[in-house]
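Okay, start-v9.csv is below, CSV, C-alpha atoms and all ligand atoms:
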```csv
chain,number,residue,atom,x,y,z
A,1,MET,CA,-3.9,-50.2,-37.2
A,2,GLN,CA,-0.1,-49.4,-36.7
A,3,VAL,CA,1.0,-47.7,-33.5
A,4,PRO,CA,4.6,-46.5,-33.5
A,5,PHE,CA,6.5,-46.1,-30.3
A,6,LEU,CA,6.8,-42.4,-31.1
A,7,ASP,CA,6.2,-40.3,-34.2
A,8,LEU,CA,8.9,-37.6,-34.8
A,9,LYS,CA,7.7,-37.1,-38.4
A,10,ALA,CA,4.2,-36.2,-37.3
A,11,GLN,CA,5.6,-33.7,-34.8
A,12,TYR,CA,7.9,-32.1,-37.5
A,13,LEU,CA,5.0,-31.8,-39.9
A,14,SER,CA,2.9,-30.0,-37.2
A,15,ILE,CA,5.5,-27.2,-37.0
A,16,LYS,CA,7.3,-27.6,-40.4
A,17,ASP,CA,7.2,-24.0,-41.6
A,18,GLU,CA,8.7,-22.7,-38.3
A,19,ILE,CA,11.4,-25.3,-38.2
A,20,ASP,CA,12.4,-24.9,-41.9
A,21,SER,CA,12.7,-21.2,-41.6
A,22,ALA,CA,14.6,-21.4,-38.3
A,23,ILE,CA,17.2,-23.8,-39.8
A,24,GLN,CA,17.5,-21.6,-43.0
A,25,ASN,CA,18.0,-18.6,-40.7
A,26,VAL,CA,21.0,-20.3,-39.0
A,27,ILE,CA,22.6,-21.1,-42.3
A,28,ASP,CA,22.0,-17.6,-43.7
A,29,GLN,CA,23.7,-16.1,-40.6
A,30,THR,CA,26.4,-18.9,-40.4
A,31,ALA,CA,26.1,-19.0,-36.6
A,32,PHE,CA,27.0,-22.7,-36.6
A,33,VAL,CA,28.5,-23.5,-33.2
A,34,SER,CA,27.5,-21.7,-29.9
A,35,GLY,CA,26.7,-18.2,-31.2
A,36,LYS,CA,23.4,-16.4,-31.1
A,37,PHE,CA,21.0,-19.3,-31.6
A,38,ALA,CA,22.6,-21.4,-28.9
A,39,LYS,CA,22.5,-18.4,-26.6
A,40,LYS,CA,18.9,-17.7,-27.4
A,41,PHE,CA,18.0,-21.3,-26.5
A,42,GLU,CA,19.9,-21.0,-23.3
A,43,GLU,CA,17.8,-18.0,-22.3
A,44,ASP,CA,14.6,-19.7,-23.4
A,45,PHE,CA,15.4,-22.9,-21.5
A,46,SER,CA,16.3,-21.0,-18.3
A,47,LYS,CA,12.8,-19.5,-18.4
A,48,ALA,CA,11.1,-22.8,-19.1
A,49,GLN,CA,12.9,-24.5,-16.1
A,50,ASP,CA,12.7,-21.5,-13.8
A,51,VAL,CA,16.5,-21.5,-13.3
A,52,LYS,CA,19.1,-18.8,-13.4
A,53,PHE,CA,21.7,-20.4,-15.8
A,54,THR,CA,21.7,-22.8,-18.7
A,55,ILE,CA,24.8,-24.1,-20.4
A,56,ALA,CA,23.9,-25.8,-23.7
A,57,VAL,CA,26.3,-28.6,-24.6
A,58,GLY,CA,26.8,-31.4,-27.1
A,59,ASN,CA,24.6,-34.1,-25.5
A,60,GLY,CA,23.2,-35.3,-22.3
A,61,THR,CA,26.1,-37.6,-21.4
A,62,ASP,CA,28.6,-34.7,-21.7
A,63,ALA,CA,26.3,-32.6,-19.6
A,64,ILE,CA,26.6,-35.0,-16.7
A,65,SER,CA,30.4,-35.3,-16.9
A,66,ILE,CA,30.8,-31.6,-17.2
A,67,ALA,CA,28.6,-30.9,-14.2
A,68,LEU,CA,30.5,-33.5,-12.2
A,69,PHE,CA,33.8,-31.9,-13.2
A,70,ALA,CA,32.5,-28.6,-12.0
A,71,LEU,CA,31.6,-30.2,-8.7
A,72,GLY,CA,35.2,-31.3,-8.3
A,73,VAL,CA,34.7,-35.1,-8.9
A,74,LYS,CA,38.1,-36.6,-9.6
A,75,GLN,CA,40.1,-39.9,-9.5
A,76,GLY,CA,38.9,-42.1,-6.6
A,77,ASP,CA,35.8,-40.2,-5.7
A,78,GLU,CA,32.5,-42.0,-5.2
A,79,VAL,CA,29.3,-40.9,-6.8
A,80,ILE,CA,26.0,-42.5,-5.6
A,81,THR,CA,23.3,-43.2,-8.2
A,82,VAL,CA,20.6,-45.7,-9.0
A,83,ALA,CA,21.0,-49.2,-10.5
A,84,ASN,CA,18.2,-48.9,-13.1
A,85,SER,CA,19.4,-46.0,-15.2
A,86,PHE,CA,20.8,-45.7,-18.7
A,87,ILE,CA,24.6,-46.3,-18.8
A,88,ALA,CA,25.2,-42.6,-19.6
A,89,THR,CA,24.7,-41.7,-15.9
A,90,THR,CA,27.5,-44.0,-14.6
A,91,GLU,CA,29.8,-43.5,-17.7
A,92,ALA,CA,30.0,-39.8,-16.9
A,93,ILE,CA,31.2,-40.7,-13.4
A,94,SER,CA,33.9,-43.2,-14.6
A,95,LEU,CA,35.1,-40.7,-17.3
A,96,LEU,CA,36.4,-38.5,-14.5
A,97,GLY,CA,38.0,-41.4,-12.7
A,98,GLY,CA,35.1,-41.6,-10.2
A,99,LYS,CA,33.5,-44.8,-9.0
A,100,PRO,CA,29.7,-45.3,-9.5
A,101,VAL,CA,28.1,-46.5,-6.2
A,102,LEU,CA,24.7,-48.0,-6.9
A,103,VAL,CA,21.5,-48.0,-4.9
A,104,ASP,CA,18.3,-50.0,-5.7
A,105,CYS,CA,15.1,-48.3,-6.9
A,106,GLU,CA,11.7,-48.1,-5.1
A,107,ALA,CA,9.0,-50.4,-6.3
A,108,ASP,CA,6.4,-47.7,-6.8
A,109,SER,CA,8.3,-44.7,-8.4
A,110,TYR,CA,11.2,-46.7,-9.9
A,111,ASN,CA,13.4,-43.9,-8.6
A,112,ILE,CA,16.3,-44.1,-6.2
A,113,ASP,CA,15.3,-45.6,-2.9
A,114,THR,CA,16.3,-42.8,-0.6
A,115,ALA,CA,16.1,-45.1,2.5
A,116,GLN,CA,19.1,-47.0,1.2
A,117,ILE,CA,21.4,-44.0,0.3
A,118,GLU,CA,22.9,-43.3,3.8
A,119,ALA,CA,24.3,-46.8,4.0
A,120,LYS,CA,26.3,-46.2,0.8
A,121,ILE,CA,28.0,-43.0,2.0
A,122,THR,CA,31.7,-43.2,2.7
A,123,GLU,CA,34.6,-40.8,3.2
A,124,LYS,CA,35.0,-40.8,-0.6
A,125,THR,CA,31.5,-39.9,-1.5
A,126,LYS,CA,31.2,-36.6,-3.3
A,127,VAL,CA,27.9,-36.4,-5.2
A,128,ILE,CA,24.4,-38.0,-5.3
A,129,ILE,CA,22.8,-38.3,-8.7
A,130,PRO,CA,19.1,-39.0,-8.6
A,131,VAL,CA,17.7,-39.8,-12.1
A,132,HIS,CA,14.1,-38.5,-12.8
A,133,LEU,CA,13.4,-41.8,-14.5
A,134,TYR,CA,10.7,-42.0,-17.1
A,135,GLY,CA,9.9,-38.3,-16.5
A,136,GLN,CA,8.9,-38.6,-12.8
A,137,PRO,CA,11.0,-36.6,-10.3
A,138,ALA,CA,12.9,-38.6,-7.6
A,139,ASN,CA,12.1,-37.7,-3.9
A,140,MET,CA,14.2,-34.5,-3.9
A,141,GLU,CA,13.4,-33.4,-0.3
A,142,GLU,CA,14.8,-36.6,1.1
A,143,ILE,CA,17.8,-36.5,-1.2
A,144,THR,CA,18.7,-32.9,-0.4
A,145,ARG,CA,18.3,-33.6,3.3
A,146,ILE,CA,20.8,-36.4,3.2
A,147,ALA,CA,23.2,-34.5,1.0
A,148,LYS,CA,23.1,-31.6,3.4
A,149,LYS,CA,23.7,-33.8,6.4
A,150,TYR,CA,26.9,-35.4,4.8
A,151,ASN,CA,28.0,-32.2,2.9
A,152,LEU,CA,27.5,-33.8,-0.5
A,153,SER,CA,26.6,-32.3,-3.8
A,154,VAL,CA,23.5,-33.2,-5.7
A,155,MET,CA,23.3,-33.5,-9.5
A,156,GLU,CA,19.8,-34.3,-11.0
A,157,ASP,CA,20.0,-36.4,-14.1
A,158,SER,CA,16.9,-34.8,-15.7
A,159,ALA,CA,17.5,-36.3,-19.2
A,160,GLN,CA,13.9,-37.7,-19.1
A,161,GLY,CA,12.4,-34.9,-17.1
A,162,VAL,CA,12.1,-31.7,-19.0
A,163,VAL,CA,9.6,-29.4,-17.2
A,164,ALA,CA,8.7,-32.1,-14.7
A,165,GLU,CA,7.9,-30.8,-11.2
A,166,TYR,CA,8.5,-31.8,-7.6
A,167,LYS,CA,6.1,-30.3,-5.2
A,168,GLY,CA,5.2,-27.6,-7.7
A,169,LYS,CA,8.8,-26.6,-8.5
A,170,LYS,CA,10.6,-27.5,-11.7
A,171,VAL,CA,13.3,-30.1,-11.6
A,172,GLY,CA,16.7,-28.4,-11.7
A,173,ASN,CA,15.9,-26.3,-8.7
A,174,PHE,CA,16.9,-28.9,-6.1
A,175,GLY,CA,20.4,-30.0,-6.9
A,176,ASP,CA,23.6,-28.0,-7.4
A,177,PHE,CA,23.2,-28.9,-11.1
A,178,ALA,CA,20.7,-30.7,-13.3
A,179,THR,CA,21.4,-32.1,-16.7
A,180,PHE,CA,19.2,-32.6,-19.7
A,181,SER,CA,19.3,-34.6,-22.9
A,182,PHE,CA,17.8,-33.3,-26.1
A,183,TYR,CA,18.4,-36.6,-28.0
A,184,PRO,CA,15.6,-36.7,-30.7
A,185,GLY,CA,13.5,-39.2,-28.8
A,186,LYS,CA,13.4,-37.3,-25.5
A,187,ASN,CA,10.5,-35.1,-24.6
A,188,LEU,CA,12.3,-32.0,-26.0
A,189,GLY,CA,14.2,-33.5,-28.9
A,190,ALA,CA,16.7,-31.8,-31.1
A,191,TYR,CA,17.4,-32.8,-34.7
A,192,GLY,CA,20.7,-34.4,-33.7
A,193,ASP,CA,22.5,-34.7,-30.4
A,194,ALA,CA,22.2,-31.9,-27.8
A,195,GLY,CA,22.1,-31.4,-24.1
A,196,ALA,CA,22.1,-28.8,-21.3
A,197,ILE,CA,23.3,-28.2,-17.8
A,198,VAL,CA,21.3,-25.9,-15.5
A,199,THR,CA,22.1,-24.3,-12.1
A,200,ASN,CA,21.2,-21.4,-9.9
A,201,ASN,CA,24.9,-21.0,-8.8
A,202,GLU,CA,26.8,-18.5,-10.8
A,203,LYS,CA,30.3,-19.8,-9.9
A,204,LEU,CA,29.4,-23.4,-10.9
A,205,ALA,CA,27.8,-22.1,-14.1
A,206,ILE,CA,31.0,-20.3,-15.1
A,207,LYS,CA,33.2,-23.4,-14.3
A,208,ALA,CA,30.9,-25.7,-16.2
A,209,ARG,CA,30.8,-23.4,-19.2
A,210,MET,CA,34.6,-23.1,-19.2
A,211,TYR,CA,35.1,-26.9,-19.0
A,212,ALA,CA,32.6,-27.4,-21.9
A,213,ASN,CA,34.7,-25.1,-24.1
A,214,HIS,CA,38.4,-26.2,-23.6
A,215,GLY,CA,38.7,-24.5,-20.2
A,216,ARG,CA,38.7,-21.3,-22.0
A,217,ILE,CA,38.6,-17.9,-20.2
A,218,ALA,CA,39.1,-15.8,-23.4
A,219,LYS,CA,39.9,-16.6,-27.0
A,220,TYR,CA,43.1,-18.8,-27.0
A,221,ASP,CA,43.5,-18.3,-23.2
A,222,HIS,CA,42.8,-21.5,-21.2
A,223,GLU,CA,42.7,-21.8,-17.4
A,224,PHE,CA,42.6,-25.6,-17.5
A,225,GLU,CA,42.1,-28.4,-19.9
A,226,GLY,CA,38.4,-29.1,-20.7
A,227,VAL,CA,36.5,-30.7,-23.5
A,228,ASN,CA,34.8,-29.6,-26.7
A,229,SER,CA,31.0,-29.9,-26.0
A,230,ARG,CA,29.0,-27.0,-27.4
A,231,LEU,CA,25.5,-26.7,-28.9
A,232,ASP,CA,25.2,-26.3,-32.7
A,233,GLY,CA,23.3,-23.3,-33.9
A,234,ILE,CA,20.9,-25.4,-35.9
A,235,GLN,CA,20.1,-27.5,-32.8
A,236,GLY,CA,19.6,-24.3,-30.8
A,237,ALA,CA,17.2,-22.8,-33.3
A,238,VAL,CA,15.2,-26.1,-33.6
A,239,LEU,CA,15.1,-26.4,-29.8
A,240,SER,CA,13.9,-22.8,-29.3
A,241,VAL,CA,11.0,-23.5,-31.8
A,242,LYS,CA,10.1,-26.7,-30.1
A,243,LEU,CA,10.3,-25.3,-26.6
A,244,LYS,CA,7.3,-23.1,-27.3
A,245,TYR,CA,5.2,-26.2,-27.5
A,246,ILE,CA,6.6,-28.1,-24.6
A,247,ALA,CA,3.8,-27.2,-22.2
A,248,GLU,CA,1.1,-28.2,-24.7
A,249,TRP,CA,3.0,-31.4,-25.6
A,250,THR,CA,3.5,-32.3,-21.9
A,251,GLU,CA,-0.3,-31.9,-21.3
A,252,ARG,CA,-0.9,-34.3,-24.2
A,253,ARG,CA,1.5,-36.8,-22.8
A,254,ARG,CA,-0.3,-36.6,-19.4
A,255,THR,CA,-3.6,-37.0,-21.2
A,256,VAL,CA,-2.4,-40.2,-22.9
A,257,ALA,CA,-1.2,-41.5,-19.6
A,258,LYS,CA,-4.5,-40.7,-18.0
A,259,ARG,CA,-6.4,-42.5,-20.7
A,260,TYR,CA,-4.2,-45.6,-20.4
A,261,ASN,CA,-4.7,-45.6,-16.7
A,262,GLU,CA,-8.5,-45.4,-17.1
A,263,LEU,CA,-8.7,-48.0,-19.8
A,264,LEU,CA,-6.4,-50.4,-18.1
A,265,ALA,CA,-7.5,-49.9,-14.5
A,266,ASP,CA,-9.2,-53.3,-14.3
A,267,CYS,CA,-6.5,-55.2,-16.2
A,268,GLU,CA,-5.2,-57.6,-13.6
A,269,HIS,CA,-2.3,-59.1,-15.4
A,270,ILE,CA,-0.3,-55.8,-15.5
A,271,VAL,CA,1.0,-53.2,-13.0
A,272,LEU,CA,0.4,-49.5,-14.0
A,273,PRO,CA,2.9,-46.7,-13.3
A,274,LYS,CA,2.3,-44.7,-10.1
A,275,GLU,CA,2.4,-41.0,-10.1
A,276,MET,CA,3.8,-40.0,-6.7
A,277,GLU,CA,1.8,-37.4,-4.7
A,278,TYR,CA,4.8,-35.0,-4.8
A,279,ALA,CA,5.4,-35.3,-8.6
A,280,ARG,CA,4.2,-33.8,-11.8
A,281,HIS,CA,5.2,-36.7,-14.1
A,282,VAL,CA,5.9,-35.7,-17.7
A,283,TYR,CA,5.6,-39.3,-19.0
A,284,HIS,CA,8.7,-39.4,-21.2
A,285,LEU,CA,7.8,-43.1,-20.9
A,286,PHE,CA,4.7,-44.9,-19.8
A,287,VAL,CA,6.1,-48.1,-18.2
A,288,ILE,CA,3.9,-51.0,-17.1
A,289,ARG,CA,5.0,-54.3,-15.6
A,290,SER,CA,3.9,-57.9,-16.6
A,291,LYS,CA,5.0,-61.3,-15.4
A,292,LYS,CA,4.8,-62.4,-19.1
A,293,ARG,CA,6.5,-59.3,-20.5
A,294,ASP,CA,8.2,-61.0,-23.4
A,295,GLU,CA,5.0,-62.7,-24.6
A,296,LEU,CA,3.0,-59.5,-24.1
A,297,GLN,CA,5.6,-57.6,-26.2
A,298,SER,CA,5.5,-60.1,-29.0
A,299,PHE,CA,1.7,-60.1,-28.9
A,300,LEU,CA,1.7,-56.3,-29.2
A,301,ASN,CA,4.2,-56.5,-32.0
A,302,GLU,CA,2.0,-59.0,-33.9
A,303,ASN,CA,-0.8,-56.5,-33.6
A,304,GLY,CA,1.2,-53.6,-35.1
A,305,ILE,CA,2.1,-52.0,-31.8
A,306,GLN,CA,5.7,-51.0,-31.1
A,307,SER,CA,7.0,-51.0,-27.5
A,308,GLY,CA,10.3,-50.7,-25.7
A,309,ILE,CA,12.2,-51.8,-22.6
A,310,HIS,CA,14.0,-49.2,-20.5
A,311,TYR,CA,16.2,-50.9,-19.6
A,312,PRO,CA,16.5,-54.6,-20.2
A,313,ILE,CA,19.7,-55.1,-18.2
A,314,ALA,CA,20.3,-53.2,-14.9
A,315,LEU,CA,23.6,-51.4,-14.6
A,316,HIS,CA,25.1,-53.8,-12.1
A,317,ASN,CA,24.4,-56.7,-14.4
A,318,LEU,CA,26.1,-55.2,-17.4
A,319,ASN,CA,29.5,-56.6,-18.5
A,320,ALA,CA,30.7,-53.0,-18.4
A,321,TYR,CA,30.3,-53.0,-14.6
A,322,LYS,CA,31.5,-56.5,-13.8
A,323,TYR,CA,34.4,-54.8,-12.0
A,324,LEU,CA,32.1,-53.5,-9.3
A,325,GLY,CA,31.6,-57.1,-8.3
A,326,HIS,CA,27.9,-57.1,-7.7
A,327,LYS,CA,25.5,-60.1,-7.7
A,328,PRO,CA,22.2,-59.7,-9.5
A,329,GLU,CA,20.3,-59.9,-6.1
A,330,ASP,CA,22.3,-57.0,-4.7
A,331,PHE,CA,19.6,-54.7,-6.1
A,332,PRO,CA,16.5,-56.9,-6.0
A,333,ASN,CA,14.0,-54.4,-7.4
A,334,ALA,CA,16.2,-53.2,-10.3
A,335,ASN,CA,17.1,-56.8,-11.0
A,336,LYS,CA,13.5,-58.2,-10.9
A,337,PHE,CA,11.9,-55.3,-12.9
A,338,THR,CA,14.3,-55.7,-15.9
A,339,GLY,CA,12.3,-58.8,-16.7
A,340,GLU,CA,8.9,-57.2,-16.2
A,341,ILE,CA,8.9,-53.6,-17.5
A,342,LEU,CA,7.4,-52.6,-20.8
A,343,SER,CA,7.3,-49.1,-22.2
A,344,LEU,CA,4.0,-48.5,-24.2
A,345,PRO,CA,3.8,-46.0,-27.1
A,346,ILE,CA,3.4,-42.5,-25.8
A,347,PHE,CA,3.8,-39.2,-27.7
A,348,PRO,CA,1.9,-36.0,-28.0
A,349,GLU,CA,0.4,-36.7,-31.4
A,350,MET,CA,-1.0,-40.1,-30.4
A,351,THR,CA,-4.7,-40.3,-31.2
A,352,GLU,CA,-7.6,-41.6,-29.0
A,353,GLU,CA,-8.1,-44.5,-31.4
A,354,GLN,CA,-4.5,-45.5,-31.1
A,355,ILE,CA,-4.7,-45.3,-27.3
A,356,GLN,CA,-7.8,-47.4,-27.2
A,357,PHE,CA,-6.3,-49.9,-29.6
A,358,VAL,CA,-3.2,-50.4,-27.4
A,359,ALA,CA,-5.3,-50.7,-24.3
A,360,GLN,CA,-7.7,-53.2,-25.9
A,361,THR,CA,-4.9,-55.3,-27.3
A,362,ILE,CA,-3.3,-55.5,-23.8
A,363,LYS,CA,-6.7,-56.6,-22.4
A,364,ASN,CA,-7.0,-59.3,-25.1
A,365,PHE,CA,-3.6,-60.8,-24.2
A,366,LYS,CA,-4.0,-64.0,-22.3
A,401,LIG,C1,19.2,-40.1,-22.6
A,401,LIG,C2,19.8,-40.2,-21.3
A,401,LIG,C3,21.1,-39.7,-21.0
A,401,LIG,C4,22.1,-39.4,-22.1
A,401,LIG,O1,21.7,-38.4,-23.0
A,401,LIG,P1,22.4,-38.3,-24.4
A,401,LIG,O2,21.9,-37.0,-24.9
A,401,LIG,O3,21.9,-39.5,-25.2
A,401,LIG,O4,23.9,-38.3,-24.2
A,401,LIG,C5,21.5,-39.7,-19.7
A,401,LIG,N1,20.7,-40.1,-18.7
A,401,LIG,C6,19.5,-40.6,-18.9
A,401,LIG,C7,18.7,-41.1,-17.8
A,401,LIG,C8,19.0,-40.7,-20.2
A,401,LIG,O5,17.8,-41.1,-20.4
```

Kindly return the structure encoded in the file as structure tokens.
Ligand SMILES: *Cc1c(COP(=O)(O)O)cnc(C)c1O
Amino acid sequence: MQVPFLDLKAQYLSIKDEIDSAIQNVIDQTAFVSGKFAKKFEEDFSKAQDVKFTIAVGNGTDAISIALFALGVKQGDEVITVANSFIATTEAISLLGGKPVLVDCEADSYNIDTAQIEAKITEKTKVIIPVHLYGQPANMEEITRIAKKYNLSVMEDSAQGVVAEYKGKKVGNFGDFATFSFYPGKNLGAYGDAGAIVTNNEKLAIKARMYANHGRIAKYDHEFEGVNSRLDGIQGAVLSVKLKYIAEWTERRRTVAKRYNELLADCEHIVLPKEMEYARHVYHLFVIRSKKRDELQSFLNENGIQSGIHYPIALHNLNAYKYLGHKPEDFPNANKFTGEILSLPIFPEMTEEQIQFVAQTIKNFK
């Protein structure tokens, strides 16, 4: 049996007629950039996330830097985030001249350790960026409490957390902004690059939308310099079709996770992911830990099972962040877990036979 890490082709085939006609419709109406299909998706996405405003942009990385710009981040400002994210989170900070200030992750949720945030706050701190890593919300009550105390903004990096919930409320309703990625492999994946910013604050929504479109206030009238980061009509149309299935697909992901947890419950050589009591995890990734991770990954590979590592090098250990001057042990959890984490196949179309085969193969590993 072959088990891919995810199966975008199977998903396309399950909704092929709708997708094909949606794409043809965009071409027929030549609404290629922004336009009616992007706008329709913005409305649909606001409903799905229970937020007031969505600004659809070119990708999830742009979404972060545009949101940070709208929050006023500029040269010399410090932005607090977590050491075990994808580089996009910190890149977006640096792009505006800001300095990423890293915090270690918790051992159970893998999200930012809120007990270590306050020690990192200085006069220059402007924003806290929690990342809802692997699809599980960070501890938003603690983060918003700290932000309020020090008068900081909060920007949720929800790239992996479409429709995830914290205490029954959708992510994107806790920070001043939340950003999403619709990179094809994400839970809601476009057929190319795409992203979005959401907020409940109209002033911030207007500023972010202007920045994403050359600082434009009207055609050829620009209040300030911005960037060009807008959603393609084709991506908007594809995303509107796929968004109709997100609840069903998320349920399927949660079922796959539940089956893995049941089948691997007595498997002593691995650590299973923990769903926090405040979270509705959407399992963008199902991440286990093993002391013999590399051997386990090769064993799975030899048995036809693809897996991934998210991420193999913590941010502070990347050459790109040498200038921050950290030692590997500065963030002990993030540092240690990079050698132990393994992302198992998880996707809505995964069959019970595939789930059982992956679990049995892990159990067979010695
Ligand atoms: C994917 C991802 C991004 C970047 O999104 P792109 O659409 O690829 O630019 C940012 N942050 C996190 C945590 C991600 O997983």

inquiry  = If we count all atoms listed in the file and set the cut-off at 7 Å, which residues sit around region 208-215 of chain A, ignoring sequence neighbours fewer than 2 positions away in its own chain? Please answer as a PyMOL selection string.
reply    = chain A and resi 55+57+66-67+70+204-206+217+222-230

task = Select the residues contacting ligand LIG 401 (chain A) at a distance of at most 9 Å, based on all atoms listed in the file, then format the selection as a ChimeraX atom specification.
result = /A:58-64,85-90,92,131-134,157-161,179-186,193-196,310

request  = Would you list the contacts of region 38-48 of chain A as a PyMOL selection string, taking every protein, DNA or RNA residue within 8 Å and counting all atoms listed in the file, but skipping same-chain residues closer than 5 positions in sequence?
outcome  = chain A and resi 33+53-56+163+198+231-233+235-237+239-240+243

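Nearest residue to Leu272 (chain A) among A:Tyr110, A:Phe37, A:Tyr12, A:Tyr311 is A:Tyr110, counting only C-alpha atoms.
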
query = Any idea what the distance is between CA of Ser14 (chain A) and CA of Ala359 (chain A)?
reply =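 Between CA of Ser14 (chain A) and CA of Ala359 (chain A) the gap works out to 25.7 Å.
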
key: Test item: residues at most 8 Å from Pro348 (chain A), all atoms listed in the file, excluding those fewer than 4 positions along its chain, as a list in words   =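 The filter keeps Trp249, Thr250, Arg252, Arg253 and Val256 of chain A.
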
Given the selection you just returned, output its residues as a file containing C-alpha atoms, formatted as a compact mmCIF listing (two decimals), in the coordinates of the input.
```txt
# COMPACT_ATOMS: atom_id res chain seq x y z
CA TRP A 249 3.00 -31.40 -25.60
CA THR A 250 3.50 -32.30 -21.90
CA ARG A 252 -0.90 -34.30 -24.20
CA ARG A 253 1.50 -36.80 -22.80
CA VAL A 256 -2.40 -40.20 -22.90
```
